[in-house]
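Visitor: Contents are mmCIF, C-alpha atoms; file name data-v2.cif:
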data_protein
#
loop_
_atom_site.label_atom_id
_atom_site.label_comp_id
_atom_site.auth_asym_id
_atom_site.auth_seq_id
_atom_site.Cartn_x
_atom_site.Cartn_y
_atom_site.Cartn_z
CA MET A 949 114.04 103.36 95.13
CA SER A 950 116.42 102.14 97.74
CA LEU A 951 115.13 100.11 100.68
CA LEU A 952 117.83 101.66 102.84
CA ARG A 953 116.32 105.13 102.94
CA ARG A 954 112.97 106.73 103.59
CA PRO A 955 110.91 106.97 100.37
CA HIS A 956 110.79 110.42 98.77
CA PRO A 957 107.39 111.80 97.65
CA LEU A 958 108.54 111.30 94.07
CA ASP A 959 109.10 107.63 94.88
CA TRP A 960 105.46 107.34 95.91
CA LEU A 961 104.43 109.16 92.73
CA ALA A 962 106.47 106.78 90.57
CA GLY A 963 105.15 103.69 92.34
CA GLY A 964 101.58 104.97 92.21
CA LEU A 965 101.77 105.61 88.47
CA LEU A 966 103.15 102.12 87.84
CA VAL A 967 100.40 100.50 89.94
CA LEU A 968 97.78 102.62 88.17
CA GLY A 969 99.21 101.66 84.78
CA VAL A 970 99.16 97.96 85.64
CA LEU A 971 95.56 98.29 86.87
CA CYS A 972 94.58 99.95 83.58
CA VAL A 973 95.87 96.89 81.73
CA ALA A 974 94.46 94.38 84.21
CA THR A 975 90.95 95.90 84.08
CA GLY A 976 90.89 96.17 80.30
CA LEU A 977 90.84 99.98 80.20
CA LEU A 978 94.03 99.62 78.17
CA PRO A 979 93.96 96.56 75.89
CA ALA A 980 96.94 94.21 76.06
CA ALA A 981 98.08 94.85 72.47
CA PRO A 982 98.55 98.67 72.82
CA ALA A 983 100.11 98.16 76.25
CA GLY A 984 102.60 95.70 74.77
CA ASP A 985 103.40 98.12 71.94
CA VAL A 986 104.11 100.90 74.44
CA LEU A 987 106.36 98.74 76.60
CA GLU A 988 108.23 97.42 73.56
CA ARG A 989 108.78 100.97 72.36
CA ILE A 990 110.12 102.30 75.65
CA GLY A 991 112.27 99.23 76.40
CA PRO A 992 115.43 100.54 74.67
CA LEU A 993 114.73 103.98 76.18
CA VAL A 994 114.65 102.54 79.71
CA VAL A 995 117.93 100.67 79.13
CA PHE A 996 119.53 103.84 77.80
CA LEU A 997 118.20 105.88 80.71
CA ALA A 998 119.54 103.44 83.30
CA THR A 999 123.00 103.09 81.78
CA VAL A 1000 123.55 106.74 80.92
CA ILE A 1001 122.60 107.83 84.45
CA VAL A 1002 125.02 105.27 85.93
CA LEU A 1003 127.68 106.55 83.52
CA ALA A 1004 126.98 110.14 84.54
CA GLU A 1005 126.89 109.38 88.29
CA LEU A 1006 130.24 107.60 88.21
CA THR A 1007 131.72 110.28 85.97
CA GLY A 1008 130.66 112.79 88.59
CA ARG A 1009 132.18 110.62 91.32
CA ALA A 1010 135.43 110.60 89.31
CA GLU A 1011 135.30 114.44 89.56
CA VAL A 1012 135.14 115.07 85.82
CA PHE A 1013 132.39 117.66 86.29
CA ASP A 1014 134.19 119.30 89.20
CA VAL A 1015 137.36 119.68 87.17
CA VAL A 1016 135.48 121.20 84.25
CA ALA A 1017 133.42 123.52 86.48
CA THR A 1018 136.55 124.74 88.25
CA TRP A 1019 138.22 125.28 84.90
CA VAL A 1020 135.20 127.29 83.76
CA ALA A 1021 135.33 129.51 86.86
CA ARG A 1022 139.09 130.04 86.53
CA ALA A 1023 138.78 130.76 82.81
CA GLY A 1024 136.30 133.51 83.68
CA ARG A 1025 139.11 135.36 85.53
CA GLY A 1026 136.66 137.10 87.86
CA ASN A 1027 134.62 138.59 84.98
CA TYR A 1028 130.91 137.83 85.30
CA ALA A 1029 130.10 138.30 81.61
CA LEU A 1030 132.80 135.81 80.61
CA LEU A 1031 131.76 133.41 83.38
CA PHE A 1032 128.17 133.66 82.14
CA CYS A 1033 129.13 132.65 78.59
CA LEU A 1034 131.29 129.78 79.85
CA CYS A 1035 128.53 128.47 82.17
CA VAL A 1036 126.04 128.59 79.32
CA ALA A 1037 128.45 126.65 77.11
CA PHE A 1038 129.15 124.09 79.87
CA ALA A 1039 125.47 123.48 80.70
CA SER A 1040 124.49 123.36 77.03
CA LEU A 1041 127.24 120.89 76.15
CA THR A 1042 126.33 118.63 79.08
CA THR A 1043 122.66 118.61 78.10
CA ILE A 1044 123.30 118.07 74.40
CA THR A 1045 125.79 115.24 74.84
CA LEU A 1046 124.69 113.41 77.99
CA ASN A 1047 121.00 114.46 78.36
CA LEU A 1048 118.98 116.91 80.39
CA ASP A 1049 118.58 114.62 83.43
CA THR A 1050 122.37 114.40 83.78
CA THR A 1051 122.54 118.19 83.80
CA ALA A 1052 119.86 118.34 86.49
CA VAL A 1053 121.24 115.52 88.64
CA LEU A 1054 124.99 116.11 88.45
CA LEU A 1055 125.74 119.56 87.10
CA THR A 1056 123.37 121.34 89.49
CA PRO A 1057 125.19 120.35 92.72
CA VAL A 1058 128.57 120.99 91.09
CA MET A 1059 127.58 124.51 90.09
CA LEU A 1060 125.98 125.24 93.46
CA ALA A 1061 129.06 123.97 95.30
CA LEU A 1062 131.20 126.14 93.05
CA ALA A 1063 129.06 129.16 93.94
CA THR A 1064 129.74 128.47 97.61
CA ARG A 1065 133.49 128.01 97.06
CA VAL A 1066 134.03 131.27 95.21
CA GLY A 1067 131.38 133.31 97.03
CA ILE A 1068 129.05 134.11 94.14
CA ALA A 1069 125.25 134.09 94.00
CA ALA A 1070 123.84 130.56 93.68
CA VAL A 1071 120.48 131.32 92.05
CA PRO A 1072 121.88 132.56 88.69
CA LEU A 1073 123.95 129.39 88.40
CA ALA A 1074 120.99 127.22 89.40
CA MET A 1075 118.67 128.84 86.86
CA THR A 1076 121.30 128.51 84.14
CA THR A 1077 121.37 124.79 84.83
CA VAL A 1078 117.62 124.12 84.81
CA TRP A 1079 116.76 126.35 81.88
CA LEU A 1080 119.49 124.99 79.63
CA ALA A 1081 118.71 121.43 80.73
CA ASN A 1082 115.45 121.94 78.85
CA THR A 1083 116.15 124.46 76.10
CA ALA A 1084 119.47 122.91 75.01
CA SER A 1085 117.95 119.44 74.55
CA LEU A 1086 116.95 119.65 70.87
CA LEU A 1087 120.09 118.76 68.96
CA LEU A 1088 120.73 115.01 69.41
CA PRO A 1089 118.60 111.94 70.17
CA VAL A 1090 120.41 111.50 73.50
CA SER A 1091 119.70 115.05 74.62
CA ASN A 1092 116.14 114.36 75.77
CA LEU A 1093 114.00 111.28 76.33
CA THR A 1094 111.38 112.84 74.05
CA ASN A 1095 113.95 112.76 71.25
CA LEU A 1096 114.46 109.06 71.83
CA LEU A 1097 110.70 108.50 71.72
CA ALA A 1098 110.60 110.42 68.45
CA ALA A 1099 113.44 108.46 66.86
CA ASP A 1100 111.22 106.08 64.86
CA ARG A 1101 108.86 108.76 63.55
CA VAL A 1102 111.58 111.34 62.90
CA ALA A 1103 113.70 108.65 61.20
CA LEU A 1104 116.97 110.58 61.52
CA ALA A 1105 120.40 109.37 62.63
CA PRO A 1106 122.13 111.57 65.25
CA ALA A 1107 124.08 113.48 62.60
CA GLY A 1108 120.91 113.88 60.54
CA MET A 1109 118.93 115.16 63.51
CA ALA A 1110 121.70 117.66 64.28
CA ALA A 1111 121.58 118.85 60.66
CA VAL A 1112 117.84 119.53 61.01
CA MET A 1113 117.78 120.92 64.55
CA TRP A 1114 120.91 123.09 64.64
CA ALA A 1115 119.04 126.34 63.87
CA PRO A 1116 116.20 125.78 66.40
CA GLN A 1117 118.81 124.79 68.97
CA LEU A 1118 120.87 127.94 68.45
CA ALA A 1119 117.72 130.08 68.58
CA ALA A 1120 116.57 128.46 71.84
CA ILE A 1121 119.97 128.91 73.49
CA ALA A 1122 120.24 132.53 72.31
CA VAL A 1123 116.85 133.44 73.79
CA THR A 1124 117.73 131.55 76.99
CA MET A 1125 120.93 133.57 77.31
CA ALA A 1126 119.02 136.83 76.91
CA CYS A 1127 116.47 135.86 79.57
CA LEU A 1128 119.13 134.54 81.94
CA TRP A 1129 121.11 137.76 81.73
CA GLY A 1130 118.08 140.01 82.07
CA PHE A 1131 116.37 138.14 84.90
CA TYR A 1132 119.26 136.68 86.90
CA TRP A 1133 122.81 137.55 85.81
CA ARG A 1134 122.95 141.31 85.27
CA ARG A 1135 124.60 143.46 87.92
CA GLY A 1136 121.36 144.61 89.52
CA ARG A 1137 120.24 141.01 90.04
CA ARG A 1138 123.39 139.17 91.07
CA GLY A 1139 124.71 141.91 93.36
CA GLU A 1140 128.49 141.53 92.85
CA ALA A 1141 130.81 143.23 90.36
CA ARG A 1142 133.51 140.54 90.23
CA TYR A 1143 134.35 137.18 91.83
CA VAL A 1144 137.54 135.51 93.00
CA PRO A 1145 138.53 132.52 90.80
CA PRO A 1146 138.94 129.22 92.72
CA GLU A 1147 142.13 127.25 93.12
CA PRO A 1148 142.79 124.46 90.58
CA SER A 1149 140.87 121.25 91.18
CA ARG A 1150 142.93 118.28 92.38
CA PRO A 1151 141.08 115.00 91.72
CA ALA A 1152 141.49 112.26 94.31
CA ASP A 1153 142.14 109.61 91.63
CA PRO A 1154 143.53 110.94 88.33
CA VAL A 1155 143.35 107.47 86.77
CA LEU A 1156 139.59 107.22 87.34
CA LEU A 1157 139.22 110.76 86.06
CA ARG A 1158 140.98 109.93 82.79
CA ILE A 1159 139.17 106.62 82.23
CA SER A 1160 135.77 108.21 82.88
CA ALA A 1161 136.53 111.14 80.59
CA VAL A 1162 137.66 108.79 77.81
CA ALA A 1163 134.52 106.65 78.25
CA VAL A 1164 132.26 109.68 77.90
CA VAL A 1165 134.13 110.93 74.82
CA GLY A 1166 133.97 107.43 73.33
CA PHE A 1167 130.22 107.31 73.97
CA LEU A 1168 129.74 110.61 72.17
CA LEU A 1169 131.87 109.56 69.20
CA ALA A 1170 129.98 106.26 68.98
CA ILE A 1171 126.54 107.86 68.80
CA LEU A 1172 127.64 110.51 66.32
CA LEU A 1173 129.83 108.48 63.99
CA ALA A 1174 128.80 104.83 64.33
CA ASP A 1175 125.51 103.23 63.31
CA ILE A 1176 124.81 101.47 66.61
CA PRO A 1177 121.81 101.66 68.96
CA LEU A 1178 122.01 104.36 71.63
CA TRP A 1179 121.37 101.86 74.42
CA LEU A 1180 124.34 99.78 73.26
CA ALA A 1181 126.68 102.78 73.20
CA SER A 1182 125.62 103.93 76.68
CA THR A 1183 125.80 100.40 78.10
CA THR A 1184 129.32 99.87 76.75
CA ALA A 1185 130.58 103.18 78.11
CA ALA A 1186 128.95 102.52 81.49
CA LEU A 1187 130.53 99.06 81.72
CA VAL A 1188 133.98 100.54 81.05
CA VAL A 1189 133.56 103.02 83.91
CA VAL A 1190 132.02 100.41 86.23
CA ALA A 1191 135.00 98.12 85.57
CA ALA A 1192 137.42 100.93 86.41
CA PHE A 1193 135.60 101.65 89.67
CA ALA A 1194 135.50 97.93 90.50
CA VAL A 1195 139.31 97.98 90.48
CA ARG A 1196 140.02 101.38 92.04
CA ASP A 1197 136.96 102.37 94.13
CA ARG A 1198 134.68 99.40 94.67
CA GLY A 1199 132.78 101.17 97.45
CA ALA A 1200 131.31 103.59 94.92
CA LEU A 1201 129.44 100.76 93.20
CA ARG A 1202 126.07 100.44 94.89
CA LEU A 1203 122.52 99.68 93.82
CA SER A 1204 121.43 103.26 94.46
CA LEU A 1205 123.42 104.31 91.37
CA ILE A 1206 120.61 102.85 89.27
CA PRO A 1207 117.82 105.42 88.81
CA TRP A 1208 115.08 103.18 90.22
CA ARG A 1209 112.59 106.02 90.52
CA LEU A 1210 112.82 106.90 86.84
CA LEU A 1211 112.76 103.26 85.78
CA VAL A 1212 109.49 102.81 87.69
CA LEU A 1213 108.04 106.20 86.73
CA VAL A 1214 108.55 105.99 82.95
CA PRO A 1215 106.64 102.73 82.25
CA GLY A 1216 103.82 103.71 84.62
CA MET A 1217 103.50 107.16 83.10
CA PHE A 1218 103.32 105.83 79.57
CA LEU A 1219 100.74 103.15 80.41
CA VAL A 1220 98.52 105.74 82.10
CA VAL A 1221 98.82 108.25 79.25
CA GLU A 1222 98.16 105.56 76.65
CA THR A 1223 94.99 104.68 78.57
CA VAL A 1224 93.82 108.30 78.65
CA ASN A 1225 94.77 108.65 75.00
CA ALA A 1226 92.55 105.69 74.12
CA HIS A 1227 89.59 107.34 75.87
CA GLY A 1228 89.42 110.75 74.22
CA LEU A 1229 92.72 112.64 74.62
CA HIS A 1230 93.71 111.74 71.06
CA GLU A 1231 90.76 113.62 69.57
CA ILE A 1232 91.24 116.66 71.81
CA LEU A 1233 94.89 117.03 70.83
CA ALA A 1234 94.18 116.40 67.15
CA ARG A 1235 91.68 119.28 67.14
CA ALA A 1236 94.01 121.53 69.14
CA MET A 1237 97.01 121.03 66.83
CA GLY A 1238 95.05 121.01 63.58
CA SER A 1239 96.24 119.60 60.27
CA ASP A 1240 98.14 122.56 58.82
CA SER A 1241 101.74 121.52 58.19
CA GLY A 1242 102.81 125.07 57.26
CA VAL A 1243 104.29 127.71 59.55
CA PRO A 1244 100.99 128.57 61.35
CA GLY A 1245 100.39 124.87 61.97
CA MET A 1246 103.93 124.40 63.28
CA LEU A 1247 103.53 127.32 65.68
CA ARG A 1248 100.17 125.98 66.85
CA THR A 1249 101.58 122.49 67.38
CA ALA A 1250 104.60 123.76 69.31
CA ALA A 1251 102.31 125.87 71.53
CA VAL A 1252 100.07 122.87 72.28
CA GLY A 1253 103.13 120.74 73.11
CA ALA A 1254 104.56 123.39 75.43
CA GLY A 1255 101.23 124.03 77.14
CA PHE A 1256 100.40 120.36 77.64
CA SER A 1257 103.91 119.76 79.02
CA ASN A 1258 103.41 122.38 81.71
CA VAL A 1259 100.00 120.99 82.61
CA LEU A 1260 101.13 117.37 82.86
CA ASN A 1261 104.71 116.51 81.80
CA ASN A 1262 106.65 116.69 78.55
CA LEU A 1263 107.07 112.91 78.10
CA PRO A 1264 103.35 112.02 77.96
CA ALA A 1265 102.74 115.31 76.16
CA TYR A 1266 104.98 114.19 73.31
CA LEU A 1267 103.61 110.65 73.21
CA ALA A 1268 99.99 111.83 73.08
CA GLY A 1269 100.75 114.62 70.61
CA GLU A 1270 102.65 112.30 68.28
CA ALA A 1271 99.71 109.88 68.15
CA ALA A 1272 97.40 112.74 67.15
CA LEU A 1273 99.53 113.87 64.17
CA PRO A 1274 99.28 112.29 60.71
CA ALA A 1275 102.38 110.28 59.81
CA SER A 1276 103.11 112.51 56.80
CA HIS A 1277 103.21 115.76 58.81
CA HIS A 1278 106.93 115.65 59.51
CA ASP A 1279 107.39 119.38 60.11
CA GLN A 1280 104.52 119.43 62.59
CA LEU A 1281 106.12 116.53 64.43
CA LEU A 1282 109.40 118.41 64.69
CA ALA A 1283 107.51 121.49 65.93
CA LEU A 1284 105.87 119.33 68.59
CA LEU A 1285 109.34 118.21 69.65
CA VAL A 1286 110.38 121.86 69.96
CA GLY A 1287 107.36 122.59 72.15
CA VAL A 1288 107.83 119.67 74.53
CA ASN A 1289 111.59 120.25 74.85
CA VAL A 1290 111.87 124.03 75.03
CA GLY A 1291 108.50 124.85 76.59
CA PRO A 1292 108.42 122.91 79.93
CA LEU A 1293 109.72 125.82 82.03
CA VAL A 1294 106.73 127.14 83.97
CA THR A 1295 105.67 124.39 86.39
CA PRO A 1296 108.03 122.29 88.55
CA TRP A 1297 106.61 119.03 87.16
CA ALA A 1298 106.81 119.99 83.47
CA SER A 1299 109.87 117.78 82.94
CA LEU A 1300 111.63 115.12 84.99
CA ALA A 1301 114.80 117.19 84.83
CA THR A 1302 113.07 120.13 86.54
CA LEU A 1303 111.74 117.88 89.31
CA LEU A 1304 115.22 116.48 89.88
CA TRP A 1305 116.67 120.00 89.83
CA PHE A 1306 114.28 121.24 92.52
CA GLU A 1307 115.26 118.29 94.68
CA ARG A 1308 118.98 119.07 94.30
CA CYS A 1309 118.43 122.75 95.09
CA ARG A 1310 116.54 121.87 98.27
CA TRP A 1311 119.32 119.47 99.28
CA HIS A 1312 121.90 122.24 98.82
CA GLY A 1313 119.76 124.78 100.72
CA THR A 1314 119.26 127.09 97.74
CA ARG A 1315 115.80 128.64 97.89
CA ILE A 1316 113.99 129.06 94.58
CA ALA A 1317 110.96 131.37 94.75
CA LEU A 1318 108.17 129.57 92.87
CA GLY A 1319 106.47 132.78 91.76
CA ARG A 1320 109.61 134.16 90.16
CA PHE A 1321 110.49 130.74 88.74
CA ALA A 1322 107.08 130.44 87.04
CA GLY A 1323 106.95 134.06 85.86
CA THR A 1324 110.39 134.19 84.31
CA GLY A 1325 109.95 130.65 83.00
CA LEU A 1326 106.74 131.67 81.24
CA VAL A 1327 108.53 134.51 79.44
CA LEU A 1328 111.31 132.17 78.34
CA ALA A 1329 108.93 129.34 77.37
CA VAL A 1330 106.92 131.62 75.07
CA THR A 1331 109.83 133.47 73.47
CA ALA A 1332 112.18 130.48 73.10
CA THR A 1333 109.47 128.18 71.72
CA LEU A 1334 108.47 130.87 69.22
CA ALA A 1335 112.07 131.58 68.16
CA ALA A 1336 113.01 127.90 67.86
CA THR A 1337 109.87 127.03 65.87
CA LEU A 1338 110.39 129.92 63.45
CA ALA A 1339 114.03 128.87 63.02
CA LEU A 1340 112.86 125.32 62.30
CA ALA A 1341 110.36 126.58 59.72
CA ALA A 1342 112.98 128.78 58.08
CA THR A 1343 115.49 125.95 57.68
CA THR A 1344 113.12 123.13 56.66
#
Can you present the structure in this file as structure tokens?

Guide:
Amino acid sequence: MSLLRRPHPLDWLAGGLLVLGVLCVATGLLPAAPAGDVLERIGPLVVFLATVIVLAELTGRAEVFDVVATWVARAGRGNYALLFCLCVAFASLTTITLNLDTTAVLLTPVMLALATRVGIAAVPLAMTTVWLANTASLLLPVSNLTNLLAADRVALAPAGMAAVMWAPQLAAIAVTMACLWGFYWRRGRRGEARYVPPEPSRPADPVLLRISAVAVVGFLLAILLADIPLWLASTTAALVVVAAFAVRDRGALRLSLIPWRLLVLVPGMFLVVETVNAHGLHEILARAMGSDSGVPGMLRTAAVGAGFSNVLNNLPAYLAGEAALPASHHDQLLALLVGVNVGPLVTPWASLATLLWFERCRWHGTRIALGRFAGTGLVLAVTATLAATLALAATT
């Protein structure tokens, strides 16, 4: 939260949650030992979040996303069906490899600006971004903060997690594509038959573009092929890009690059949820999810995770749900992860990525009708969560 600008309502929310969390500890509602365990657990997550967002912001400043988005639009050659498939691939790849918040923060304005440049409808592109920011976040630990929280219990390296989650991920993306086309992309919805491809993108600093692109690729190779902590890989890649900007564009390096709001929000949210969990939520969720580790139990657990995410938020939903599951119920835990990743599509606060996406859409002037957002999101949340959970059950 920068002191140089007027606080956003989300800044007040983040600060309020942190103050409330600290008060829970100070008053004894949350004992010091569980509070310390929570903070120790989310410490590496917070470092990863800070560094990967800085990496993504500077990569966007280096115009890597603009170049790729322009290439996508030109590769579509004016054909909406081809453009649709390319946009789905672009948004999915960004979410899987960099995380859903990067897709919401950086890819959303790039896609909306591209819509303005080539004269195509903005809402289909915007919905592609927000839906795939959530539904394409199953495959790797970096794809979603919930995956990072689950790392200890899931006990899978990135390649191992991909080997387990590839089928649910493909199922979720396939259902998302069907809903996107039916609700937003088909001719009767978008209005145009063809579009005019844009001119090639000309980056202001090709050297920064290349260095940033290499840093991102190196980050991805490190997390997939090397046995190093995620926070170390993201920190190293971010330092490479920061060093390049220090030499070539020092003015881009400012404190506002650091996601202060998220760094305040995450600890506060987890302290508050841990307090509620200690005073009865654990038992409620345990009864709701049951103890069946078979297919019915997996479906039930995924539904509870998706529903709780839309009521509150997917991060505390996962944390509370995980605590209510027996340690041996591995398949139920993975089903919970499906629910909290694929299901938060109905309410604007269901995931941090969706909140950030709404903010970017408002900044661009793109109006998103809440009724249609919730209605179409509900259809996708139910069908994609069901498809992904069944795919998980079939392959485990």

Visitor: Using only C-alpha atoms, collect all residues at a distance of at most 9 Å from (122.5, 106.1, 83.0) as written in the file, then present them as a PyMOL selection string.

Guide: chain A and resi 995-1005+1050+1182-1183+1186+1205-1207

Visitor: Pull out every residue that the PyMOL selection byres ((chain A and resi 1019) around 12) matches in the shown coordinates and put them as a PyMOL selection string.

Guide: chain A and resi 1012-1018+1020-1025+1031+1034-1035+1038+1059+1062+1145-1150

Visitor: Calculated over all atoms listed in the file, which of the candidates A:Val1212, A:Leu1282, A:Leu1229, A:Val1252 has the smallest distance to Leu961 (chain A)?

Guide: A:Val1212

Visitor: Please compute the CA of Leu968 (chain A)-CA of Met1217 (chain A) distance, one decimal, in Å.

Guide: 8.9 Å

Visitor: Using all atoms listed in the file, which of the listed residues (A:Pro1244, A:Gly1323, A:Pro1116, A:Pro1072) sits closest to Leu1060 (chain A)?

Guide: A:Pro1072

Visitor: Using all atoms listed in the file, which of the listed residues (A:Ile1159, A:Ala1119, A:Ala1298, A:Leu1097) sits closest to Ile990 (chain A)?

Guide: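 Ranked by minimum distance to Ile990 (chain A), first place goes to A:Leu1097.
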
Visitor: Using all atoms listed in the file, can you list as a PyMOL selection string the residues within 7 Å of (100.5, 101.9, 79.4)?

Guide: chain A and resi 969+978+983+986+1215-1216+1218-1223

Visitor: Run through the PyMOL selection byres ((chain A and resi 1303) around 12) on the given coordinates and return the selected residues as a PDB file with C-alpha atoms, in the frame of the given file.

Guide:
ATOM      1  CA  PRO A 957     107.390 111.800  97.650  1.00  0.00           C
ATOM      2  CA  LEU A 958     108.540 111.300  94.070  1.00  0.00           C
ATOM      3  CA  ASP A 959     109.100 107.630  94.880  1.00  0.00           C
ATOM      4  CA  LEU A 961     104.430 109.160  92.730  1.00  0.00           C
ATOM      5  CA  LEU A1048     118.980 116.910  80.390  1.00  0.00           C
ATOM      6  CA  ASP A1049     118.580 114.620  83.430  1.00  0.00           C
ATOM      7  CA  ALA A1052     119.860 118.340  86.490  1.00  0.00           C
ATOM      8  CA  VAL A1053     121.240 115.520  88.640  1.00  0.00           C
ATOM      9  CA  VAL A1078     117.620 124.120  84.810  1.00  0.00           C
ATOM     10  CA  ALA A1081     118.710 121.430  80.730  1.00  0.00           C
ATOM     11  CA  ASN A1082     115.450 121.940  78.850  1.00  0.00           C
ATOM     12  CA  ARG A1209     112.590 106.020  90.520  1.00  0.00           C
ATOM     13  CA  LEU A1210     112.820 106.900  86.840  1.00  0.00           C
ATOM     14  CA  ASN A1261     104.710 116.510  81.800  1.00  0.00           C
ATOM     15  CA  ASN A1262     106.650 116.690  78.550  1.00  0.00           C
ATOM     16  CA  PRO A1292     108.420 122.910  79.930  1.00  0.00           C
ATOM     17  CA  LEU A1293     109.720 125.820  82.030  1.00  0.00           C
ATOM     18  CA  VAL A1294     106.730 127.140  83.970  1.00  0.00           C
ATOM     19  CA  THR A1295     105.670 124.390  86.390  1.00  0.00           C
ATOM     20  CA  PRO A1296     108.030 122.290  88.550  1.00  0.00           C
ATOM     21  CA  TRP A1297     106.610 119.030  87.160  1.00  0.00           C
ATOM     22  CA  ALA A1298     106.810 119.990  83.470  1.00  0.00           C
ATOM     23  CA  SER A1299     109.870 117.780  82.940  1.00  0.00           C
ATOM     24  CA  LEU A1300     111.630 115.120  84.990  1.00  0.00           C
ATOM     25  CA  ALA A1301     114.800 117.190  84.830  1.00  0.00           C
ATOM     26  CA  THR A1302     113.070 120.130  86.540  1.00  0.00           C
ATOM     27  CA  LEU A1304     115.220 116.480  89.880  1.00  0.00           C
ATOM     28  CA  TRP A1305     116.670 120.000  89.830  1.00  0.00           C
ATOM     29  CA  PHE A1306     114.280 121.240  92.520  1.00  0.00           C
ATOM     30  CA  GLU A1307     115.260 118.290  94.680  1.00  0.00           C
ATOM     31  CA  ARG A1308     118.980 119.070  94.300  1.00  0.00           C
ATOM     32  CA  CYS A1309     118.430 122.750  95.090  1.00  0.00           C
ATOM     33  CA  ARG A1310     116.540 121.870  98.270  1.00  0.00           C
TER      34      ARG A1310
END

Visitor: Interatomic distance between CA of Ala1126 (chain A) and CA of Ala1339 (chain A)?

Guide: 16.8 Å

Visitor: Using all atoms listed in the file, which of A:Val970, A:Leu1180, A:Met1109, A:Leu1318 sits nearest Gly984 (chain A)?

Guide: A:Val970

Visitor: For Thr1314 (chain A), which residue among A:Gly1291, A:Pro1057, A:Gly1228, A:Pro979 is the nearest when counting all atoms listed in the file?

Guide: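 Checking each of A:Gly1291, A:Pro1057, A:Gly1228, A:Pro979 against Thr1314 (chain A), counting all atoms listed in the file, the winner is A:Pro1057.
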
Visitor: Which residue gives the smallest distance to Ala1336 (chain A) among A:Tyr1266, A:Trp1114, A:Trp1208, A:Phe1032, with all atoms listed in the file counted?

Guide: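 Among the listed residues, A:Trp1114 lies closest to Ala1336 (chain A).
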
Visitor: For the structure shown, which residues end up in the PyMOL selection byres ((chain A and resi 1337) around 12)? Put them as a PyMOL selection string, please?

Guide: chain A and resi 1086+1112-1120+1242-1251+1253-1254+1279-1291+1329-1336+1338-1344

Visitor: May I ask for the distance between CA of Arg1158 (chain A) and CA of Asn1047 (chain A), given in Å to one decimal place?

Guide: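 Between CA of Arg1158 (chain A) and CA of Asn1047 (chain A) the gap works out to 21.0 Å.
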
Visitor: Around region 1016-1032 of chain A, with edges along x, y and z and 5 Å added on all six sides, what centre and edge lengths do you get, in Å to one decimal, as lines of an AutoDock Vina configuration file?

Guide:
center_x = 133.6
center_y = 129.9
center_z = 84.4
size_x = 20.9
size_y = 27.4
size_z = 17.6

Visitor: Just the residues within 10 Å of Ala1181 (chain A), please, counting only C-alpha atoms, with nothing from its chain fewer than 3 positions along; format it as an MDAnalysis selection string.

Guide: chainID A and resid 996 999:1000 1166:1171 1174:1178 1184:1186

Visitor: Which residues, written as a list in words, have at least one atom at most 6 Å from region 1042-1046 of chain A, with all atoms listed in the file counted and residues fewer than 2 positions away on the same chain left out?

Guide: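 Counting only the stated atoms, we get Ala1039, Ser1040, Leu1048, Thr1051, Ala1081, Ser1085 and Ser1091 of chain A.
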
Visitor: Since fewer atoms than expected are present, regenerate N, CA, C and O atoms for region 1314-1321 of chain A and write them as a CSV table (one decimal), in the coordinates of the input.

Guide:
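The resulting file, selection25.csv, is reproduced below:
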chain,number,residue,atom,x,y,z
A,1314,THR,N,119.5,125.9,98.6
A,1314,THR,CA,119.3,127.1,97.7
A,1314,THR,C,117.8,127.3,97.6
A,1314,THR,O,117.1,126.4,97.0
A,1315,ARG,N,117.2,128.4,98.0
A,1315,ARG,CA,115.8,128.6,97.9
A,1315,ARG,C,115.4,129.2,96.5
A,1315,ARG,O,116.0,130.2,96.1
A,1316,ILE,N,114.5,128.6,95.9
A,1316,ILE,CA,114.0,129.1,94.6
A,1316,ILE,C,112.5,129.5,94.8
A,1316,ILE,O,111.7,128.7,95.1
A,1317,ALA,N,112.3,130.8,94.6
A,1317,ALA,CA,111.0,131.4,94.8
A,1317,ALA,C,110.1,130.9,93.6
A,1317,ALA,O,110.4,131.2,92.4
A,1318,LEU,N,109.0,130.2,93.9
A,1318,LEU,CA,108.2,129.6,92.9
A,1318,LEU,C,107.5,130.6,92.0
A,1318,LEU,O,107.4,130.4,90.8
A,1319,GLY,N,107.1,131.7,92.6
A,1319,GLY,CA,106.5,132.8,91.8
A,1319,GLY,C,107.4,133.3,90.7
A,1319,GLY,O,107.0,133.5,89.5
A,1320,ARG,N,108.6,133.6,91.1
A,1320,ARG,CA,109.6,134.2,90.2
A,1320,ARG,C,110.0,133.1,89.2
A,1320,ARG,O,110.2,133.4,88.0
A,1321,PHE,N,110.1,131.8,89.6
A,1321,PHE,CA,110.5,130.7,88.7
A,1321,PHE,C,109.4,130.6,87.6
A,1321,PHE,O,109.8,130.5,86.5
